[in-house]
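Below is one structure, written out as structure tokens, with a few remarks after it.
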Amino acid sequence: MILSTSSGDFPIPAEVARRLPNVPALPDPAATDARLQIEDFRHWLDASPEHAIDYERLRRWHLVQEELAAQAKAENRAFVVSDDGLE
């Protein structure tokens with residue numbers, strides 16, 4: 001798995017990937033079937049309170065990783081994806 005950030009693309013270590021919540025891909029608004037993708041995602045999100053929690057955990061993790069990657073780039077040091085932000 002790869003984490004895409006504004007600072008670059010980084011491999012997600014297996015031990016981190018195993019801890020990530022299982023969330024479907026976000027709808028692509030430019031896709032020809034965007035409405036269907038949006039509807040499917042909303043149905044998934046509304047199907048269980050756990051889905052909303054998992055989505056928020058993944059969103060928050062990505063924001064933290066984005067920030068950490070930007071800091072590493074600004075300090076000219078290597079960035080390694082971690083589980084920071086999952087809890």
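Naming scheme: A, B, ... for chains in displayed order of the structure tokens; residues 1 onward per chain; ligands 1 onward as shown.
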
Long-range neighbours of A:His51 as a ChimeraX atom specification, 12 Å cut-off, only C-alpha atoms, 3 positions minimum in chain
/A:21-24,41-48,54-58
